[in-house]
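S.K.: Supplied in structure tokens, the structure appears directly below.
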Amino acid sequence: MTELDKTGAAAGALRGGPRPRRIRGGRGVPLPLLVPALLGLAFLIVPLVALLVRAPWRSLPELLTSAEVWQALQLSLVCATAATAVSLVIGVPLAWLLARVEFRGRGLVRALVTLPLVLPPVVGGVALLMALGRNGIVGKSLDDWFGITLPFTTAGVVIAEAFVAMPFLVISVEGTLRAADPRFEEAAATLGASRFTAFRRVTLPLIAPGIAAGAVLAWARALGEFGATITFAGNFPGRTQTMPLAVYLALQSDPEAAIALSLVLLTVSVAVLAGLRDRWMTAG
């Protein structure tokens with residue numbers, strides 16, 4: 001044992017116990033843990049590698065610039081951005097309500113807000129049809145009074161994507177609000193600011209990183225949405241056919257186009273993870 005190791009051990013003993021040792025490299029890793037870990041890593045990585053290996057790299061520019069692919073790509077970007085905007089407008093106040101206001105049944109409300117995270121997307125699409133369809137409990141009134149029909153329209157795509165994506169934003173913003181020191185808002189109130197002014201001038205700048213992270217996650221989730229979209233909005237090229245729907249359709253007739261679209265979605269997902277790595281994937 002070197003002098004440095006002896007010093008560290010002595011300091012650990014003074015603090016009440018030995019310092020925990022990190023396992024470096026593969027030395028000392030039990031075989032019953034190492035083998036399943038490597039299998040799990042291969043299970044997650046091999047399909048992605050296969051997608052890259054089988055990608056039609058030479059014809060990729062031509063595939064991505066075709067009219068059908070470009071329509072799906074453009075519609076996906078527009079709808080995902082619109083769904084994220086809707087989530088920001090109604091999701092940030094909802095997160096503030098859950099984080100800052102004590103009321104009876106708050107736990108139940110939080111559970112309902114996060115339910116779309118675990119709810120099968122197809123079930124979410126059926127629920128949207130029952131609520132906003134022409135004979136839905138809300139959609140019937142919209143159709144009769146205002147002539148607004150949401151299912152099988154581009155607006156329906158935005159609603160379906162916002163339904164499944166907004167919980168990601170709410171969870172991120174609520175967590176940031178709980179971590180933020182409420183004394184800043186209290187100090188603003190003592191200076192005469194209303195609660196809304198304190199939220200707008202003090203709280204929003206404090207939680208801006210959390211809002212940005214939640215918005216990116218919501219946008220990525222909306223971009224990859226499939227089940228609720230095809231159930232509530234259908235699969236009409238140029239109107240409701242987003243990239244995941246185009247992948248599903250192209251896989252039956254043009255596998256190379258399906259792989260090209262899948263590569264675009266994979267690139268977006270990697271970019272999102274890379275952008276959030278410093279916030280969520282590193283310690284300390």
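Identifiers for the structure tokens are assigned positionally: chains receive A, B, ... in sequence, residues are indexed from 1 per chain, and ligands are indexed from 1 in the order shown.
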If we count only C-alpha atoms, what is near Leu217 of chain A at a cut-off of 9 Å, once residues fewer than 5 positions away on the same chain are taken out, given as a list of chain:residue names?

M.R.: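 That gives A:Ala165, A:Phe168, A:Leu169, A:Ser172, A:Ala212, A:Ala222, A:Val272, A:Leu273, A:Leu276.
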
S.K.: Using only C-alpha atoms, which residues sit within 9 Å of segment 253-265 of chain A once same-chain residues fewer than 2 positions away are excluded, as a list in words?

M.R.: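 That gives Leu51, Leu52, Arg54, Ala55, Pro56, Trp57, Ser59, Leu60, Pro61, Leu63, Leu64, Val69, Leu73, Ala220, Leu223, Gly224, Met243, Pro244, Ala246, Val247, Tyr248, Leu249, Ala250, Leu251, Thr267, Val268, Ser269 and Val270 of chain A.
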
S.K.: Mind writing the picked residues with C-alpha atoms as a compact mmCIF listing (two decimals), in the first residue's frame?

M.R.:
# COMPACT_ATOMS: atom_id res chain seq x y z
CA LEU A 51 -30.15 -0.47 -38.77
CA LEU A 52 -26.94 1.38 -39.57
CA ARG A 54 -28.45 -2.20 -43.57
CA ALA A 55 -29.02 1.48 -44.35
CA PRO A 56 -28.99 2.35 -48.08
CA TRP A 57 -26.30 5.03 -47.72
CA SER A 59 -29.48 6.18 -52.17
CA LEU A 60 -30.19 7.88 -48.84
CA PRO A 61 -30.20 11.48 -50.20
CA LEU A 63 -34.91 8.69 -50.54
CA LEU A 64 -34.99 11.54 -48.07
CA VAL A 69 -40.80 11.27 -47.37
CA LEU A 73 -40.89 14.80 -42.45
CA ALA A 220 -38.89 14.19 -29.20
CA LEU A 223 -42.02 13.36 -33.09
CA GLY A 224 -41.99 9.62 -32.46
CA MET A 243 -42.78 9.98 -39.97
CA PRO A 244 -43.56 6.96 -37.72
CA ALA A 246 -44.70 6.65 -42.98
CA VAL A 247 -42.14 4.15 -41.65
CA TYR A 248 -44.92 1.65 -40.94
CA LEU A 249 -46.44 2.11 -44.39
CA ALA A 250 -43.13 2.10 -46.27
CA LEU A 251 -41.99 -1.07 -44.52
CA THR A 267 -30.57 10.78 -35.31
CA VAL A 268 -33.11 13.01 -33.57
CA SER A 269 -33.23 10.69 -30.56
CA VAL A 270 -29.44 10.63 -30.24

S.K.: Could you name the residues that touch segment 104-120 of chain A at 7 Å or less, counting only C-alpha atoms, but leaving out those on the same chain fewer than 2 positions away, as a PyMOL selection string?

M.R.: chain A and resi 98+122-124+164+167

S.K.: Just the helix (DSSP H, G or I) stuff from segment 42-277 of chain A, please, per backbone DSSP, written as a ChimeraX atom specification.

M.R.: /A:42-53,60-64,67-100,106-118,121-132,139-146,154-179,183-190,195-223,227-232,243-253,255-277

S.K.: How many Å separate atom CA of Met166 of chain A from atom CA of Ala274 of chain A?

M.R.: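 Those two atoms sit 20.9 Å apart.
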
S.K.: Would you tabulate, counting only C-alpha atoms, all residues of segment 61-171 of chain A that have an atom at most 9 Å from an atom of segment 229-239 of chain A, showing the closest pair of atoms and their distance in Å to one decimal, sorted by chain then ascending number, as a tab-separated table?

M.R.:
residue	atom	partner	partner_atom	distance
A:Glu68	CA	A:Pro237	CA	7.5
A:Gln71	CA	A:Gly238	CA	5.7
A:Ala72	CA	A:Gly238	CA	6.8
A:Leu75	CA	A:Gly238	CA	7.3
A:Pro121	CA	A:Thr229	CA	8.3
A:Val122	CA	A:Thr231	CA	6.3
A:Val123	CA	A:Thr231	CA	8.6
A:Gly124	CA	A:Thr231	CA	8.5
A:Gly125	CA	A:Phe232	CA	5.0
A:Val126	CA	A:Thr231	CA	6.5
A:Ala127	CA	A:Phe232	CA	8.8
A:Leu128	CA	A:Phe232	CA	6.6
A:Leu129	CA	A:Phe232	CA	6.0
A:Gly133	CA	A:Phe232	CA	8.3
A:Leu150	CA	A:Ala233	CA	7.9
A:Pro151	CA	A:Ala233	CA	5.1
A:Phe152	CA	A:Ala233	CA	3.7
A:Thr153	CA	A:Ala233	CA	5.8
A:Thr154	CA	A:Arg239	CA	5.6
A:Ala155	CA	A:Ala233	CA	8.4
A:Gly156	CA	A:Ala233	CA	5.3
A:Val157	CA	A:Ala233	CA	5.6
A:Val158	CA	A:Thr229	CA	8.5
A:Ile159	CA	A:Thr229	CA	8.6
A:Ala160	CA	A:Thr229	CA	5.5
A:Glu161	CA	A:Thr229	CA	6.9

S.K.: Could you save those same residues with N, CA, C and O atoms as a short mmCIF file (atom, residue, chain, number, x, y, z; two decimals), in the first residue's frame?

M.R.:
data_model
loop_
_atom_site.label_atom_id
_atom_site.label_comp_id
_atom_site.auth_asym_id
_atom_site.auth_seq_id
_atom_site.Cartn_x
_atom_site.Cartn_y
_atom_site.Cartn_z
N GLU A 68 -42.91 11.92 -50.96
CA GLU A 68 -43.65 11.29 -49.87
C GLU A 68 -42.91 11.43 -48.54
O GLU A 68 -43.49 11.79 -47.51
N GLN A 71 -42.92 15.08 -47.34
CA GLN A 71 -44.21 15.46 -46.77
C GLN A 71 -44.33 14.97 -45.34
O GLN A 71 -44.75 15.71 -44.43
N ALA A 72 -43.97 13.69 -45.12
CA ALA A 72 -44.05 13.12 -43.77
C ALA A 72 -43.09 13.83 -42.82
O ALA A 72 -43.44 14.12 -41.67
N LEU A 75 -44.44 17.42 -42.10
CA LEU A 75 -45.62 17.36 -41.24
C LEU A 75 -45.23 16.98 -39.82
O LEU A 75 -45.77 17.53 -38.85
N PRO A 121 -50.41 3.78 -26.15
CA PRO A 121 -50.81 4.90 -27.01
C PRO A 121 -52.11 4.65 -27.77
O PRO A 121 -52.88 5.59 -27.99
N VAL A 122 -52.35 3.40 -28.17
CA VAL A 122 -53.60 3.11 -28.88
C VAL A 122 -54.79 3.38 -27.98
O VAL A 122 -55.82 3.91 -28.42
N VAL A 123 -54.66 3.03 -26.70
CA VAL A 123 -55.74 3.30 -25.74
C VAL A 123 -55.94 4.81 -25.61
O VAL A 123 -57.07 5.30 -25.51
N GLY A 124 -54.83 5.56 -25.62
CA GLY A 124 -54.95 7.01 -25.59
C GLY A 124 -55.69 7.54 -26.80
O GLY A 124 -56.50 8.47 -26.69
N GLY A 125 -55.42 6.97 -27.98
CA GLY A 125 -56.14 7.39 -29.18
C GLY A 125 -57.62 7.09 -29.09
O GLY A 125 -58.46 7.91 -29.50
N VAL A 126 -57.97 5.92 -28.56
CA VAL A 126 -59.39 5.59 -28.38
C VAL A 126 -60.05 6.55 -27.40
O VAL A 126 -61.18 7.01 -27.61
N ALA A 127 -59.34 6.87 -26.32
CA ALA A 127 -59.88 7.81 -25.34
C ALA A 127 -60.11 9.19 -25.96
O ALA A 127 -61.12 9.85 -25.69
N LEU A 128 -59.18 9.63 -26.82
CA LEU A 128 -59.36 10.90 -27.50
C LEU A 128 -60.57 10.86 -28.43
O LEU A 128 -61.31 11.86 -28.55
N LEU A 129 -60.78 9.73 -29.10
CA LEU A 129 -61.96 9.60 -29.95
C LEU A 129 -63.24 9.69 -29.14
O LEU A 129 -64.22 10.34 -29.56
N GLY A 133 -64.15 13.00 -30.54
CA GLY A 133 -64.74 12.56 -31.79
C GLY A 133 -66.08 13.26 -32.06
O GLY A 133 -66.60 13.98 -31.21
N LEU A 150 -62.13 17.43 -35.16
CA LEU A 150 -60.72 17.20 -34.87
C LEU A 150 -60.18 15.86 -35.36
O LEU A 150 -59.05 15.81 -35.85
N PRO A 151 -60.93 14.76 -35.25
CA PRO A 151 -60.36 13.49 -35.70
C PRO A 151 -60.04 13.48 -37.20
O PRO A 151 -60.73 14.12 -37.99
N PHE A 152 -58.94 12.80 -37.55
CA PHE A 152 -58.52 12.62 -38.94
C PHE A 152 -58.19 13.94 -39.62
O PHE A 152 -58.43 14.13 -40.81
N THR A 153 -57.65 14.87 -38.84
CA THR A 153 -57.17 16.15 -39.36
C THR A 153 -55.77 16.40 -38.82
O THR A 153 -55.30 15.72 -37.90
N THR A 154 -55.10 17.41 -39.40
CA THR A 154 -53.77 17.77 -38.90
C THR A 154 -53.84 18.26 -37.46
O THR A 154 -52.94 17.97 -36.66
N ALA A 155 -54.91 18.99 -37.12
CA ALA A 155 -55.08 19.41 -35.73
C ALA A 155 -55.22 18.21 -34.81
O ALA A 155 -54.76 18.23 -33.66
N GLY A 156 -55.84 17.14 -35.30
CA GLY A 156 -55.94 15.92 -34.52
C GLY A 156 -54.58 15.30 -34.24
O GLY A 156 -54.35 14.73 -33.17
N VAL A 157 -53.66 15.40 -35.20
CA VAL A 157 -52.30 14.91 -34.98
C VAL A 157 -51.64 15.68 -33.84
O VAL A 157 -51.01 15.10 -32.95
N VAL A 158 -51.80 17.00 -33.85
CA VAL A 158 -51.20 17.84 -32.81
C VAL A 158 -51.77 17.48 -31.44
O VAL A 158 -51.03 17.36 -30.45
N ILE A 159 -53.08 17.26 -31.37
CA ILE A 159 -53.71 16.92 -30.09
C ILE A 159 -53.23 15.56 -29.60
O ILE A 159 -52.92 15.39 -28.41
N ALA A 160 -53.16 14.58 -30.50
CA ALA A 160 -52.70 13.25 -30.10
C ALA A 160 -51.27 13.30 -29.60
O ALA A 160 -50.92 12.67 -28.58
N GLU A 161 -50.41 14.04 -30.29
CA GLU A 161 -49.02 14.14 -29.87
C GLU A 161 -48.88 14.89 -28.55
O GLU A 161 -48.07 14.51 -27.69
#

S.K.: Can you measure atom CA of Val78 of chain A to atom CA of Val92 of chain A for me? One decimal in Å is fine.

M.R.: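 Answer for the atom CA of Val78 of chain A to atom CA of Val92 of chain A separation: 20.9 Å.
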
S.K.: Which residue, A:Asp144, A:Glu186, A:Glu225, A:Glu102, has the smallest gap to Phe199 of chain A when you use only C-alpha atoms?

M.R.: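 Residue with the minimum atom-to-atom distance to Phe199 of chain A: A:Glu186.
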
S.K.: What does the distance from atom CA of Phe196 of chain A to atom CA of Ala83 of chain A come to in Å, to one decimal?

M.R.: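 Atom CA of Ala83 of chain A lies at a distance of 24.7 Å from atom CA of Phe196 of chain A.
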
S.K.: Point out the residue among A:Arg183, A:Ala208, A:Trp219, A:Val101 with the least atom-to-atom distance to Ala82 of chain A, counting only C-alpha atoms.

M.R.: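 Closest candidate: A:Trp219.
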
S.K.: Applying 7 Å and only C-alpha atoms, which residues near Thr84 of chain A remain after dropping the ones on its own chain fewer than 6 positions away? List them as a VMD selection string.

M.R.: chain A and resid 162 215 218 to 219

S.K.: Hey, which of A:Val216, A:Val35, A:Arg58, A:Ala228 ends up closest to Ala271 of chain A? Count only C-alpha atoms.

M.R.: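 Among the listed residues, the smallest separation from Ala271 of chain A belongs to A:Val216.
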